[in-house]
Each structure stands twice: as C-alpha cells, then as structure tokens.
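Colleague: Below is one structure. I have some questions about it.
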Amino acid sequence: MRRILAVWSVVGLLACACFAQASQPAQDQHLAGDSAQSTGSSDSADTIKALMQEVKELKARVAALEARQAQPLQEQPSSAKPAMAAEAMKQEGTPAEGQTTNPEPVTGLFPGIRMSGFGALSYKATDARPLEAGLLGFRNNLNSNFAIGDVDLFLTSHLTSKASVLSEVVFSENAEKEFEIDVERLLLKYDFNDYLKLSFGRYHTGTSYYNTVFHHGQWLQTAADRPLVVEFSDHGGLLPSQGVGISMTGRIPSGSLGLNYIFEYGSSDIHRPSIANPDVEIAENNGQATTIGLFAKPDWLQGLQIGGSFYHDRINPDGGPLHIGQSIGSAHLVYLTPRFEFLNEGFVVQHKVQETGQKLNTPAFYSLISEKFGEKWRPYFRYQYINAATQSPLFADVTLRHGPSVGLRYDYNDYIALKTQYNRTFRRQLPDINDLLLQLAFRF
Amino acid sequence: MRRYCNFVIGFAVLASLLAGSSILAQSRQDDVAVIVNPQNQIESISSIDLRKIFAGEKRSWNSNIPVFVVVRAPQAHERDILLSHVLRMTESEYKQYWVKKVYSGEVPREPLALLSNGMQLEAVRADKGGIALINLADVKQGVKVLKVDGKLPGAAGYTLR
C-alpha cells in the first residue's frame, strides 16, 4: 500500500510538472513563428519586399532616435504581476528626450508613391436584337467578343500624417480596341480629424453608394459588371459619376448611430454614349453640381450602412435649346461583411425642362445578394430596374429595362478572381436580351 | 501509515496548485496588451473603438492627433488576436478589406505591418498617435498600456487573450 501511494504521488507530481511546462513550447512556437516569418512565411513576395523596406526605414529611425536620446532607456523586466507592471509603465509619463513626437517625422516611414492596379479580361456573348452599342471595350455589332475594358492604375502618396494624394488613372478600351487615358480621380486629401476630411480635385460623386466604393477595379466588385444605373456615365450609366471641385466628409457626433455626412461642390462635363446606338453621344454640358449625403453606420450591427444623397445641377444637352434642372435622389441599405453582401440602392432622377416646365422622372434600383461558401466560392444574385420615359431628352435609349443576373465568383487567390454571369434583360416593346459574361479579374 | 498517506496526498495537492498557478501566470503573460504613446491622453478604450481603429474607421484621437496603426505581420500571435478577437476576419479577408478601403479613398494606406514586437514598440514610441497590439511579456518602458473595456491585461475577463 505504501509503495502504491508513493508511486501514485510521484506520477502525480510528474504529470503536474509536465502540465506546467506545456505552455512553454507554445510560447516558443510563437517566437519560432516570429523568426520564421522573416524567412518568407508571407504568401506574397511583394508584401515581404515592402515589409523589408519598412524594416530598413525603421532601423534607420531607431538609430537616429537612439543617437538623440540623452539617457538610454532602462528596460524593465516583465513582472510577475502584469497588471501592476502595466500601471507602472503608464506612470512613466513623459518619454525621454528624442521621443517627443511631432507627427511629421513619422511621415518618413512613408516615402514615395505606392502604386497598385486592377485589370480584367472579359468575354461577352449576347443575343440582343437589334445589337446594342459595345461598351466597356466590346466591339459594336458583334454577338460575342473579348475585351480588356479598363486598366486601372491606382497611386497614393502619404504627404504628411494628415495629407495625402490619391490618383486613379484609367486606360479605357473603346469599341475600336484602342485605349484612351482618363484621370478618373486625382485628389489632394487633408484629414483634419474624423469630423472633417477635405478632398480637392477630381472625384467620383456621392450620387450612389456603389460609385463611392467600387470605382473602376473590376476585381473589387462581386459581379462581373456594374448595374446599369450606376455604370460610369462614359459607359452608358445614368448618373453623373465624376466631378471636379471640393469634397467634404466626416462623422457627425451621434453616439452609436454612427452618422456621417458628405458634401460635394464642383463641376462636371458628362458625355454619355447611347447604349442603343454606338454613333450617338450626348454631351450634357453640366453646370455646377452640389451633392449632399448622410449615412449611418451603427455600432450595434457591424457592416450595416443606411443612407441617402441628393444631387442637383443644370444641364444643356448638346448645347441645344433645352435647359434642364437635374435632381437625383438616392437611398441605400447595405449590409456588408467579409462573407455576406447585401446591397440595395434606389434612385429617382428628375429632369425638369425649364422651357416647357415638363418634369420627367426616372426611377431605378438594384439589389444584390451574395454569400461566400468556403474560402473561394461566392454565388450572387442581382436584380436591376430602370424605367426612363420614352420622351426623356437624356435616357430615351434606356426606356424600361429590368431583369435578374445570376453569377458565380471564384477567388483563385487574393489577387485573381474568375466570374461567370448570366443577365436577362426585359425591355419595353423590344425582345428580351440574354447575356453571358465571363471575366478574369485581377489586381497587381 | 494514515499520517504518511495524508502527507503524500497533501504534498501532491500543493504541487498541483503550484503548477496550476504557474500555468495561469504563463497565460497572463500571453495576454495581448493595447499600447499607445505615453503622450496620448487616453487611459482606456472600448472594444468597439478598438475595432474601429484597427478597421480604419476611427482615424483620429479625440485630441485630433491622427491614429497611427501598427500591426504585426502574418503568423504572429498578436496578428492572430487582432484577426480573431478584434476584427473577426481571416487573413485573406483582412487583405481584401484593406485593398478595398485604400482604393475607396477612405484611408491612404493599410496599417504598417512589422516583423517584431520590438519594432512595434519603437513605432509607437516614435508617434504620438501610435497604437499597437503586443504580447504583454514584451511590453517595455516608453509606452502606455490601455485598459480594454475597463480591464488591464492579466485581469480576469480580459478579452485579448
């Protein structure tokens, strides 16, 4: 009995000792992971390259700081009472000389310009009768063909801790398979704080949620194409998608409601091609445009955004006799998480002809829902609707169009996505259209 | 005989308690602290604000100082805590999130990703608006540890562990 008890005690002690040591390898693993990651644990070579550059810059900065320090820092060993240790560190108060930080020197961490890009190869087959204009690089009068569409070069430069420059230059393929260069966005941005952020230059208007989030990168959006109503105006879209002027945005103190505002004032010169006839393009000759918007991103449901905007300008289509007051109201309800996407936007575009007093309203909406299955597959469904008056001076080519789109997106990796999409479009007094879209979208 | 058995059992229980407390102390050392520059007036942060900061939604402190977010590179413990406890994203989703965020023009760049906690400490020490997540055992002088939802790392119920 005595032996049994003695053996049991020894075994128990050994088990306890082993258990106590169990956390040590885990910590070692973290340390091992730390060192291992410098040898290429990141899946992206360019990320490693960028990080290594940052390492060099930080090392240089540390060396400069150390040289300036009057007294070397005394490293405190971590205490067995971590909360007390943390409190002690907090009470250290003012950092040593040389650590007094003006935000400006930190900008030394971000020299130069960062560039990224987006591209896509698309294939479209359609049974439209009569054939419609081949936009987005597709040729006119062909039932099926390939297109590059937009090649998007996106550049940012961090000037100071509050100022930055953003530039988006797009090489757009036209129906003749030639590329045209367009500066889509060029913004000098200055963020005073979360409540006031100013941008000066060429911007994408806040007339729709879609226009402020997805821009020209096909890879960014789930679907293979944009809903027609929020398509860029130079690709046949209905809304004025660009402006040149000043843009202000920021939070409104509203607690957990998370209210934000948008204000834009600028001018634009929209040229909108007819989607029915490739030879026709309307120059809107827009005057000064004002956009105001309000949206809420409540704390209690991460990913939810509800809001709306109002846009107004005056247009003189093709310099003709008609002068039109254009007002666009929009509302959106969006729920966006990394795995789930639910986009809903509604619009009313009102054209008031000054000469006749006639008011023409064009209601439109789109709704898109998608969910990610596993890590790579994302099926989606979209429905879009536009009902333009046939006597509309701007949207007579659109008239009534509505219909569903179903598609599947496959993310091969973090850079490449394959999309396949079927669109069915119902039109007023015209045959329905069936489109098949295949797209290889990527970023670089 | 009975006295001897009681002694052995008592000794075993005591050893178990010591081992348990050692494990607890170790796990507290594994807590991830939220550190900021000592010049930052903030002492405590809510988990909602922490998410907003690391998601790029809150970009300035109340004193109008721009937030300078520093994160660890992939596969570090702090990165895992950031993704699983703060942002609730996978690594791939995190990358896509920031591509979209930068491209929308909301932020000029994604958070600076660093390879070691020492570099994180230096970055936070160097910038008044700096904030980072760092293993408590690696916290050194010259930074301030924030309470998260009123609790310091090591305290019971601390969320970043």
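Starting from 1 in every chain, residues are counted up; chains themselves are A, B, ... following the order of the structure tokens, and ligands are numbered from 1 as listed.
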Pull out every residue of chain B sitting within 6 Å of chain A, counting only C-alpha atoms, and send them as a list of chain:residue names.
Modeller: B:Ser16, B:Ala19, B:Ile23, B:Pro38, B:Ser60, B:Asn64, B:Ala76, B:Ser104, B:Ala126, B:Asp127, B:Lys128, B:Ala137, B:Gln141, B:Gly142, B:Lys144, B:Val145, B:Leu152, B:Gly154
Colleague: Let's have the selection written as a PDB file, in the first residue's frame, with N, CA and C atoms.
Modeller:
ATOM      1  N   SER B  16       0.153  20.394  -7.307  1.00  0.00           N
ATOM      2  CA  SER B  16      -0.801  20.661  -8.394  1.00  0.00           C
ATOM      3  C   SER B  16      -1.207  22.125  -8.412  1.00  0.00           C
ATOM      4  N   ALA B  19       1.556  24.180  -9.799  1.00  0.00           N
ATOM      5  CA  ALA B  19       1.634  24.021 -11.259  1.00  0.00           C
ATOM      6  C   ALA B  19       0.526  24.807 -11.937  1.00  0.00           C
ATOM      7  N   ILE B  23       0.740  27.919 -14.647  1.00  0.00           N
ATOM      8  CA  ILE B  23       0.070  27.957 -15.958  1.00  0.00           C
ATOM      9  C   ILE B  23      -0.709  29.254 -16.107  1.00  0.00           C
ATOM     10  N   PRO B  38       2.865  57.381 -24.703  1.00  0.00           N
ATOM     11  CA  PRO B  38       2.547  57.967 -23.393  1.00  0.00           C
ATOM     12  C   PRO B  38       1.946  59.360 -23.479  1.00  0.00           C
ATOM     13  N   SER B  60      -8.697  59.372 -35.966  1.00  0.00           N
ATOM     14  CA  SER B  60      -8.011  60.395 -35.169  1.00  0.00           C
ATOM     15  C   SER B  60      -8.438  60.246 -33.714  1.00  0.00           C
ATOM     16  N   ASN B  64      -7.392  65.176 -31.826  1.00  0.00           N
ATOM     17  CA  ASN B  64      -7.146  65.467 -33.250  1.00  0.00           C
ATOM     18  C   ASN B  64      -5.825  64.914 -33.770  1.00  0.00           C
ATOM     19  N   ALA B  76       2.059  36.039 -36.586  1.00  0.00           N
ATOM     20  CA  ALA B  76       2.432  36.399 -35.215  1.00  0.00           C
ATOM     21  C   ALA B  76       1.218  36.222 -34.308  1.00  0.00           C
ATOM     22  N   SER B 104     -11.026  52.830 -52.004  1.00  0.00           N
ATOM     23  CA  SER B 104     -12.183  53.726 -51.915  1.00  0.00           C
ATOM     24  C   SER B 104     -11.747  55.147 -51.559  1.00  0.00           C
ATOM     25  N   ALA B 126       7.595  56.359 -31.146  1.00  0.00           N
ATOM     26  CA  ALA B 126       8.014  57.453 -32.035  1.00  0.00           C
ATOM     27  C   ALA B 126       6.857  58.326 -32.494  1.00  0.00           C
ATOM     28  N   ASP B 127       5.628  57.853 -32.396  1.00  0.00           N
ATOM     29  CA  ASP B 127       4.500  58.605 -32.945  1.00  0.00           C
ATOM     30  C   ASP B 127       3.462  58.838 -31.856  1.00  0.00           C
ATOM     31  N   LYS B 128       3.068  60.097 -31.694  1.00  0.00           N
ATOM     32  CA  LYS B 128       2.083  60.441 -30.663  1.00  0.00           C
ATOM     33  C   LYS B 128       0.762  59.712 -30.850  1.00  0.00           C
ATOM     34  N   ALA B 137       4.219  40.268 -22.234  1.00  0.00           N
ATOM     35  CA  ALA B 137       5.591  39.984 -21.790  1.00  0.00           C
ATOM     36  C   ALA B 137       6.616  40.832 -22.532  1.00  0.00           C
ATOM     37  N   GLN B 141       9.406  49.868 -21.393  1.00  0.00           N
ATOM     38  CA  GLN B 141       9.259  51.257 -20.998  1.00  0.00           C
ATOM     39  C   GLN B 141       8.998  52.142 -22.221  1.00  0.00           C
ATOM     40  N   GLY B 142       8.273  53.236 -21.974  1.00  0.00           N
ATOM     41  CA  GLY B 142       8.101  54.225 -23.027  1.00  0.00           C
ATOM     42  C   GLY B 142       6.808  54.100 -23.790  1.00  0.00           C
ATOM     43  N   LYS B 144       2.370  53.255 -23.172  1.00  0.00           N
ATOM     44  CA  LYS B 144       1.303  53.177 -22.176  1.00  0.00           C
ATOM     45  C   LYS B 144       0.375  52.014 -22.522  1.00  0.00           C
ATOM     46  N   VAL B 145       0.064  51.205 -21.522  1.00  0.00           N
ATOM     47  CA  VAL B 145      -0.864  50.085 -21.745  1.00  0.00           C
ATOM     48  C   VAL B 145      -2.276  50.549 -21.420  1.00  0.00           C
ATOM     49  N   LEU B 152      -7.254  45.784 -17.456  1.00  0.00           N
ATOM     50  CA  LEU B 152      -5.870  45.701 -17.917  1.00  0.00           C
ATOM     51  C   LEU B 152      -5.521  44.258 -18.243  1.00  0.00           C
ATOM     52  N   GLY B 154      -4.028  40.737 -17.962  1.00  0.00           N
ATOM     53  CA  GLY B 154      -3.723  39.987 -16.750  1.00  0.00           C
ATOM     54  C   GLY B 154      -4.913  39.891 -15.829  1.00  0.00           C
TER      55      GLY B 154
END
Colleague: Would you list the contacts of Ser172 of chain A as a PDB file with N, CA and C atoms, in the first residue's frame, taking every protein, DNA or RNA residue within 10 Å and counting only C-alpha atoms, but skipping same-chain residues closer than 2 positions in sequence?
Modeller:
ATOM      1  N   LEU A 136     -17.529  49.366 -72.818  1.00  0.00           N
ATOM      2  CA  LEU A 136     -16.531  48.711 -71.971  1.00  0.00           C
ATOM      3  C   LEU A 136     -15.539  47.883 -72.790  1.00  0.00           C
ATOM      4  N   GLY A 137     -15.216  48.371 -73.976  1.00  0.00           N
ATOM      5  CA  GLY A 137     -14.222  47.697 -74.795  1.00  0.00           C
ATOM      6  C   GLY A 137     -14.779  46.655 -75.738  1.00  0.00           C
ATOM      7  N   ILE A 148     -10.692  44.001 -72.865  1.00  0.00           N
ATOM      8  CA  ILE A 148      -9.910  44.294 -71.655  1.00  0.00           C
ATOM      9  C   ILE A 148     -10.700  45.233 -70.753  1.00  0.00           C
ATOM     10  N   GLY A 149     -11.408  46.161 -71.398  1.00  0.00           N
ATOM     11  CA  GLY A 149     -12.169  47.121 -70.598  1.00  0.00           C
ATOM     12  C   GLY A 149     -11.259  48.179 -70.007  1.00  0.00           C
ATOM     13  N   ASP A 150     -11.228  48.286 -68.712  1.00  0.00           N
ATOM     14  CA  ASP A 150     -10.441  49.320 -68.044  1.00  0.00           C
ATOM     15  C   ASP A 150      -9.180  48.730 -67.411  1.00  0.00           C
ATOM     16  N   VAL A 151      -8.065  49.381 -67.666  1.00  0.00           N
ATOM     17  CA  VAL A 151      -6.839  49.070 -66.928  1.00  0.00           C
ATOM     18  C   VAL A 151      -6.619  50.224 -65.961  1.00  0.00           C
ATOM     19  N   ASP A 152      -6.604  49.904 -64.708  1.00  0.00           N
ATOM     20  CA  ASP A 152      -6.693  50.920 -63.668  1.00  0.00           C
ATOM     21  C   ASP A 152      -5.379  50.999 -62.894  1.00  0.00           C
ATOM     22  N   VAL A 169      -5.712  56.544 -62.518  1.00  0.00           N
ATOM     23  CA  VAL A 169      -5.610  56.769 -63.960  1.00  0.00           C
ATOM     24  C   VAL A 169      -6.085  55.503 -64.664  1.00  0.00           C
ATOM     25  N   VAL A 170      -7.020  55.679 -65.573  1.00  0.00           N
ATOM     26  CA  VAL A 170      -7.631  54.518 -66.223  1.00  0.00           C
ATOM     27  C   VAL A 170      -7.364  54.562 -67.721  1.00  0.00           C
ATOM     28  N   ASN A 174     -11.826  51.239 -76.044  1.00  0.00           N
ATOM     29  CA  ASN A 174     -13.078  51.608 -76.716  1.00  0.00           C
ATOM     30  C   ASN A 174     -13.484  50.521 -77.723  1.00  0.00           C
ATOM     31  N   ALA A 175     -14.566  50.777 -78.429  1.00  0.00           N
ATOM     32  CA  ALA A 175     -15.115  49.762 -79.331  1.00  0.00           C
ATOM     33  C   ALA A 175     -14.181  49.462 -80.500  1.00  0.00           C
ATOM     34  N   LYS A 177     -11.070  49.014 -80.101  1.00  0.00           N
ATOM     35  CA  LYS A 177      -9.955  48.312 -79.449  1.00  0.00           C
ATOM     36  C   LYS A 177      -8.748  49.216 -79.253  1.00  0.00           C
ATOM     37  N   GLU A 178      -9.016  50.500 -79.114  1.00  0.00           N
ATOM     38  CA  GLU A 178      -7.952  51.442 -78.797  1.00  0.00           C
ATOM     39  C   GLU A 178      -8.140  51.909 -77.346  1.00  0.00           C
ATOM     40  N   PHE A 179      -7.037  52.359 -76.773  1.00  0.00           N
ATOM     41  CA  PHE A 179      -7.120  52.765 -75.372  1.00  0.00           C
ATOM     42  C   PHE A 179      -7.085  54.282 -75.238  1.00  0.00           C
ATOM     43  N   GLU A 180      -7.931  54.783 -74.361  1.00  0.00           N
ATOM     44  CA  GLU A 180      -7.971  56.214 -74.073  1.00  0.00           C
ATOM     45  C   GLU A 180      -7.612  56.407 -72.604  1.00  0.00           C
ATOM     46  N   ILE A 181      -6.780  57.400 -72.362  1.00  0.00           N
ATOM     47  CA  ILE A 181      -6.346  57.653 -70.979  1.00  0.00           C
ATOM     48  C   ILE A 181      -7.308  58.644 -70.327  1.00  0.00           C
ATOM     49  N   ASP A 182      -7.694  58.346 -69.112  1.00  0.00           N
ATOM     50  CA  ASP A 182      -8.598  59.225 -68.381  1.00  0.00           C
ATOM     51  C   ASP A 182      -8.162  59.281 -66.922  1.00  0.00           C
ATOM     52  N   HIS A 235     -19.705  55.022 -69.884  1.00  0.00           N
ATOM     53  CA  HIS A 235     -20.027  53.661 -70.332  1.00  0.00           C
ATOM     54  C   HIS A 235     -21.546  53.464 -70.419  1.00  0.00           C
TER      55      HIS A 235
END
Colleague: Once DSSP has gone over the backbone, tell me which residues of segment 102-141 of chain B are in helix (DSSP H, G or I), as a list in words.
Modeller: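 In segment 102-141 of chain B, DSSP puts these residues in helix (DSSP H, G or I): Val102, Tyr103, Asn117, Gly118, Met119, Gln120, Leu121, Glu122, Ala123, Val124, Arg125, Ala126, Leu136, Ala137 and Asp138 of chain B.
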Colleague: Include C-alpha atoms and write out the residues we just selected as a tab-separated table (two decimals), in the first residue's frame.
Modeller:
chain	number	residue	atom	x	y	z
B	102	VAL	CA	-7.50	52.11	-49.59
B	103	TYR	CA	-8.99	52.03	-53.08
B	117	ASN	CA	7.35	43.43	-31.23
B	118	GLY	CA	10.48	45.48	-30.72
B	119	MET	CA	9.72	47.32	-33.93
B	120	GLN	CA	6.14	47.81	-32.82
B	121	LEU	CA	7.37	49.36	-29.59
B	122	GLU	CA	9.68	51.71	-31.44
B	123	ALA	CA	6.96	52.77	-33.83
B	124	VAL	CA	4.50	53.52	-31.02
B	125	ARG	CA	7.16	55.35	-29.00
B	126	ALA	CA	8.01	57.45	-32.03
B	136	LEU	CA	2.27	41.64	-22.50
B	137	ALA	CA	5.59	39.98	-21.79
B	138	ASP	CA	7.18	42.13	-24.50
Colleague: Any idea what's packed within 10 Å of segment 366-370 of chain A, counting only C-alpha atoms, ignoring anything in its chain fewer than 2 positions away? Could you give it as number ranges by chain?
Modeller: A: 222-223, 226-230, 332-336, 339-347, 364, 372-373, 378-386, 402-409
Colleague: What would the file look like if the residues just selected were written as a CSV table (one decimal), in the first residue's frame with N, CA and C atoms?
Modeller:
chain,number,residue,atom,x,y,z
A,222,THR,N,-18.2,42.2,-56.6
A,222,THR,CA,-18.6,40.8,-56.7
A,222,THR,C,-19.0,40.4,-58.1
A,223,ALA,N,-19.9,41.2,-58.7
A,223,ALA,CA,-20.4,40.9,-60.0
A,223,ALA,C,-19.4,41.2,-61.1
A,226,ARG,N,-21.2,46.4,-63.6
A,226,ARG,CA,-21.9,47.2,-62.6
A,226,ARG,C,-23.4,47.3,-63.1
A,227,PRO,N,-24.3,47.5,-62.1
A,227,PRO,CA,-25.7,47.7,-62.5
A,227,PRO,C,-25.7,49.0,-63.5
A,228,LEU,N,-26.6,48.9,-64.5
A,228,LEU,CA,-26.6,50.0,-65.5
A,228,LEU,C,-26.8,51.4,-64.8
A,229,VAL,N,-27.6,51.5,-63.9
A,229,VAL,CA,-27.9,52.8,-63.3
A,229,VAL,C,-26.7,53.4,-62.7
A,230,VAL,N,-25.8,52.6,-62.1
A,230,VAL,CA,-24.6,53.1,-61.5
A,230,VAL,C,-23.3,52.9,-62.4
A,332,HIS,N,-29.8,54.1,-49.9
A,332,HIS,CA,-29.2,52.8,-49.9
A,332,HIS,C,-29.3,52.1,-48.5
A,333,LEU,N,-29.4,50.8,-48.6
A,333,LEU,CA,-29.3,50.0,-47.4
A,333,LEU,C,-28.3,48.9,-47.8
A,334,VAL,N,-27.2,48.9,-47.0
A,334,VAL,CA,-26.2,47.9,-47.4
A,334,VAL,C,-25.8,47.2,-46.1
A,335,TYR,N,-25.6,45.9,-46.3
A,335,TYR,CA,-25.1,45.1,-45.2
A,335,TYR,C,-23.9,44.2,-45.7
A,336,LEU,N,-22.8,44.6,-45.3
A,336,LEU,CA,-21.5,44.0,-45.9
A,336,LEU,C,-20.6,43.5,-44.8
A,339,ARG,N,-18.1,37.9,-45.5
A,339,ARG,CA,-18.7,36.7,-46.1
A,339,ARG,C,-20.0,36.9,-46.8
A,340,PHE,N,-20.7,38.0,-46.3
A,340,PHE,CA,-22.0,38.2,-46.8
A,340,PHE,C,-22.2,39.6,-47.4
A,341,GLU,N,-22.9,39.7,-48.5
A,341,GLU,CA,-23.0,41.0,-49.1
A,341,GLU,C,-24.5,41.2,-49.5
A,342,PHE,N,-25.1,42.4,-49.1
A,342,PHE,CA,-26.5,42.6,-49.4
A,342,PHE,C,-26.5,44.1,-49.8
A,343,LEU,N,-26.6,44.5,-51.0
A,343,LEU,CA,-26.6,45.8,-51.5
A,343,LEU,C,-27.9,46.2,-52.1
A,344,ASN,N,-28.5,47.3,-51.6
A,344,ASN,CA,-29.7,47.8,-52.2
A,344,ASN,C,-29.7,49.3,-52.3
A,345,GLU,N,-30.0,49.7,-53.5
A,345,GLU,CA,-30.0,51.2,-53.8
A,345,GLU,C,-31.1,51.5,-54.7
A,346,GLY,N,-31.8,52.6,-54.3
A,346,GLY,CA,-32.9,53.1,-55.2
A,346,GLY,C,-32.6,54.6,-55.6
A,347,PHE,N,-33.1,55.0,-56.7
A,347,PHE,CA,-32.8,56.3,-57.3
A,347,PHE,C,-34.1,56.9,-57.9
A,364,ALA,N,-35.2,54.1,-60.6
A,364,ALA,CA,-34.3,52.9,-60.8
A,364,ALA,C,-33.9,52.3,-59.5
A,372,LYS,N,-20.4,34.0,-49.3
A,372,LYS,CA,-19.2,33.3,-49.6
A,372,LYS,C,-19.3,31.9,-49.1
A,373,PHE,N,-19.0,30.9,-49.9
A,373,PHE,CA,-19.0,29.5,-49.4
A,373,PHE,C,-17.6,29.0,-49.4
A,378,ARG,N,-18.3,32.3,-54.4
A,378,ARG,CA,-19.3,33.3,-54.0
A,378,ARG,C,-20.3,33.4,-55.0
A,379,PRO,N,-21.4,32.7,-54.9
A,379,PRO,CA,-22.6,32.9,-55.8
A,379,PRO,C,-23.3,34.2,-55.5
A,380,TYR,N,-23.9,34.7,-56.5
A,380,TYR,CA,-24.6,36.0,-56.3
A,380,TYR,C,-25.8,36.1,-57.2
A,381,PHE,N,-26.7,36.9,-56.7
A,381,PHE,CA,-28.0,37.2,-57.5
A,381,PHE,C,-28.2,38.7,-57.4
A,382,ARG,N,-28.6,39.2,-58.6
A,382,ARG,CA,-28.8,40.7,-58.6
A,382,ARG,C,-30.1,40.9,-59.5
A,383,TYR,N,-30.8,41.9,-59.1
A,383,TYR,CA,-32.0,42.4,-59.9
A,383,TYR,C,-31.8,43.9,-60.1
A,384,GLN,N,-32.0,44.3,-61.3
A,384,GLN,CA,-31.9,45.7,-61.6
A,384,GLN,C,-33.1,46.2,-62.4
A,385,TYR,N,-33.5,47.5,-62.2
A,385,TYR,CA,-34.7,48.0,-62.8
A,385,TYR,C,-34.4,49.5,-63.1
A,386,ILE,N,-34.8,49.9,-64.3
A,386,ILE,CA,-34.7,51.3,-64.7
A,386,ILE,C,-36.0,51.5,-65.6
A,402,HIS,N,-35.3,45.9,-67.1
A,402,HIS,CA,-35.2,45.3,-65.8
A,402,HIS,C,-34.9,43.8,-66.0
A,403,GLY,N,-34.4,43.2,-65.0
A,403,GLY,CA,-34.2,41.8,-65.1
A,403,GLY,C,-33.1,41.3,-64.1
A,404,PRO,N,-33.0,40.0,-64.0
A,404,PRO,CA,-32.1,39.4,-63.0
A,404,PRO,C,-30.8,39.1,-63.6
A,405,SER,N,-29.8,38.9,-62.7
A,405,SER,CA,-28.5,38.4,-63.1
A,405,SER,C,-28.1,37.4,-62.0
A,406,VAL,N,-27.6,36.3,-62.5
A,406,VAL,CA,-27.1,35.3,-61.5
A,406,VAL,C,-25.6,35.0,-61.9
A,407,GLY,N,-24.8,34.8,-60.9
A,407,GLY,CA,-23.4,34.6,-61.2
A,407,GLY,C,-22.7,33.8,-60.1
A,408,LEU,N,-21.4,33.5,-60.5
A,408,LEU,CA,-20.6,32.8,-59.5
A,408,LEU,C,-19.2,33.4,-59.6
A,409,ARG,N,-18.7,33.7,-58.5
A,409,ARG,CA,-17.3,34.3,-58.4
A,409,ARG,C,-16.4,33.2,-57.7
Colleague: Residues at most 9 Å from Thr159 of chain B, counting only C-alpha atoms, excluding those fewer than 4 positions away in the same chain, as a PyMOL selection string?
Modeller: chain B and resi 31-32+47+85+148-149+151+153
Colleague: Write the residues of the preceding selection, restricted to N, CA and C atoms, as a PDB file, in the first residue's frame.
Modeller:
ATOM      1  N   ASP B  31      -1.299  37.330 -22.584  1.00  0.00           N
ATOM      2  CA  ASP B  31      -2.301  38.345 -22.886  1.00  0.00           C
ATOM      3  C   ASP B  31      -1.705  39.362 -23.849  1.00  0.00           C
ATOM      4  N   VAL B  32      -2.548  39.857 -24.727  1.00  0.00           N
ATOM      5  CA  VAL B  32      -2.067  40.863 -25.678  1.00  0.00           C
ATOM      6  C   VAL B  32      -2.516  42.236 -25.194  1.00  0.00           C
ATOM      7  N   SER B  47     -13.929  47.961 -26.615  1.00  0.00           N
ATOM      8  CA  SER B  47     -13.627  47.001 -27.686  1.00  0.00           C
ATOM      9  C   SER B  47     -14.218  47.474 -29.019  1.00  0.00           C
ATOM     10  N   HIS B  85     -10.058  38.206 -32.486  1.00  0.00           N
ATOM     11  CA  HIS B  85     -10.777  38.827 -31.380  1.00  0.00           C
ATOM     12  C   HIS B  85     -11.242  40.247 -31.663  1.00  0.00           C
ATOM     13  N   VAL B 148      -8.793  47.694 -21.681  1.00  0.00           N
ATOM     14  CA  VAL B 148      -9.782  47.382 -22.719  1.00  0.00           C
ATOM     15  C   VAL B 148     -11.086  47.013 -22.020  1.00  0.00           C
ATOM     16  N   ASP B 149     -12.118  47.780 -22.284  1.00  0.00           N
ATOM     17  CA  ASP B 149     -13.393  47.625 -21.585  1.00  0.00           C
ATOM     18  C   ASP B 149     -13.180  47.647 -20.071  1.00  0.00           C
ATOM     19  N   LYS B 151     -10.498  46.838 -18.324  1.00  0.00           N
ATOM     20  CA  LYS B 151      -9.628  45.825 -17.713  1.00  0.00           C
ATOM     21  C   LYS B 151      -8.234  45.860 -18.321  1.00  0.00           C
ATOM     22  N   PRO B 153      -4.548  44.044 -19.098  1.00  0.00           N
ATOM     23  CA  PRO B 153      -4.137  42.657 -19.362  1.00  0.00           C
ATOM     24  C   PRO B 153      -3.690  41.975 -18.074  1.00  0.00           C
TER      25      PRO B 153
END
Colleague: What is the atom CA of Leu436 of chain A-atom CA of Glu132 of chain A distance in Å, reported with one decimal?
Modeller: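 Calculated distance between atom CA of Leu436 of chain A and atom CA of Glu132 of chain A is 14.6 Å.
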Colleague: Give me the residues near Tyr123 of chain A as a list in words, where near means some atom within 6 Å (using only C-alpha atoms) and where sequence neighbours in that chain fewer than 3 positions away do not count.
Modeller: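 What passes the distance filter is Asn145, Phe146, Leu437 and Leu438 of chain A.
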Colleague: Rounded to one decimal in Å, what is the spacing between atom CA of Ser44 of chain B and atom CA of Lys58 of chain B?
Modeller: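 Atom-to-atom, atom CA of Ser44 of chain B to atom CA of Lys58 of chain B, that is 15.4 Å.
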Colleague: Counting only C-alpha atoms, which of A:Gln288, A:Val348, A:Glu184, A:Pro298 gets nearest to Ile48 of chain B?
Modeller: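 The answer is A:Pro298, which sits nearest to Ile48 of chain B.
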Colleague: Tell me, as a tab-separated table (two decimals) with N, CA and C atoms, in the first residue's frame, which residues lie within 9 Å of Leu430 of chain A, counting only C-alpha atoms; anything in the same chain fewer than 3 positions away does not count.
Modeller:
chain	number	residue	atom	x	y	z
A	129	ARG	N	-31.29	41.91	-80.08
A	129	ARG	CA	-31.76	42.23	-81.42
A	129	ARG	C	-32.62	43.49	-81.34
A	130	PRO	N	-32.26	44.60	-81.96
A	130	PRO	CA	-31.01	44.81	-82.68
A	130	PRO	C	-29.83	44.90	-81.71
A	426	PHE	N	-35.30	42.48	-69.61
A	426	PHE	CA	-36.61	42.68	-70.25
A	426	PHE	C	-36.71	44.14	-70.65
A	427	ARG	N	-37.23	44.38	-71.86
A	427	ARG	CA	-37.32	45.76	-72.35
A	427	ARG	C	-38.74	46.04	-72.82
A	433	ILE	N	-33.21	40.37	-73.73
A	433	ILE	CA	-31.79	40.14	-74.03
A	433	ILE	C	-31.23	39.11	-73.06
Colleague: How many Å separate atom CA of Ser63 of chain B from atom CA of Val36 of chain B?
Modeller: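 The value is 13.7 Å.
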Colleague: Looking only at the backbone, which of the residues in chain B does DSSP tag as strand (DSSP E or B), as number ranges by chain?
Modeller: B: 32-36, 44-45, 60, 66, 68-72, 112-114, 130-135, 144-148, 151
Colleague: Quick one: residues within 9 Å of segment 89-91 of chain B, only C-alpha atoms counted, chain neighbours fewer than 6 positions away excluded, as an MDAnalysis selection string?
Modeller: (chainID A and resid 338) or (chainID B and resid 74 79:80 82:83)
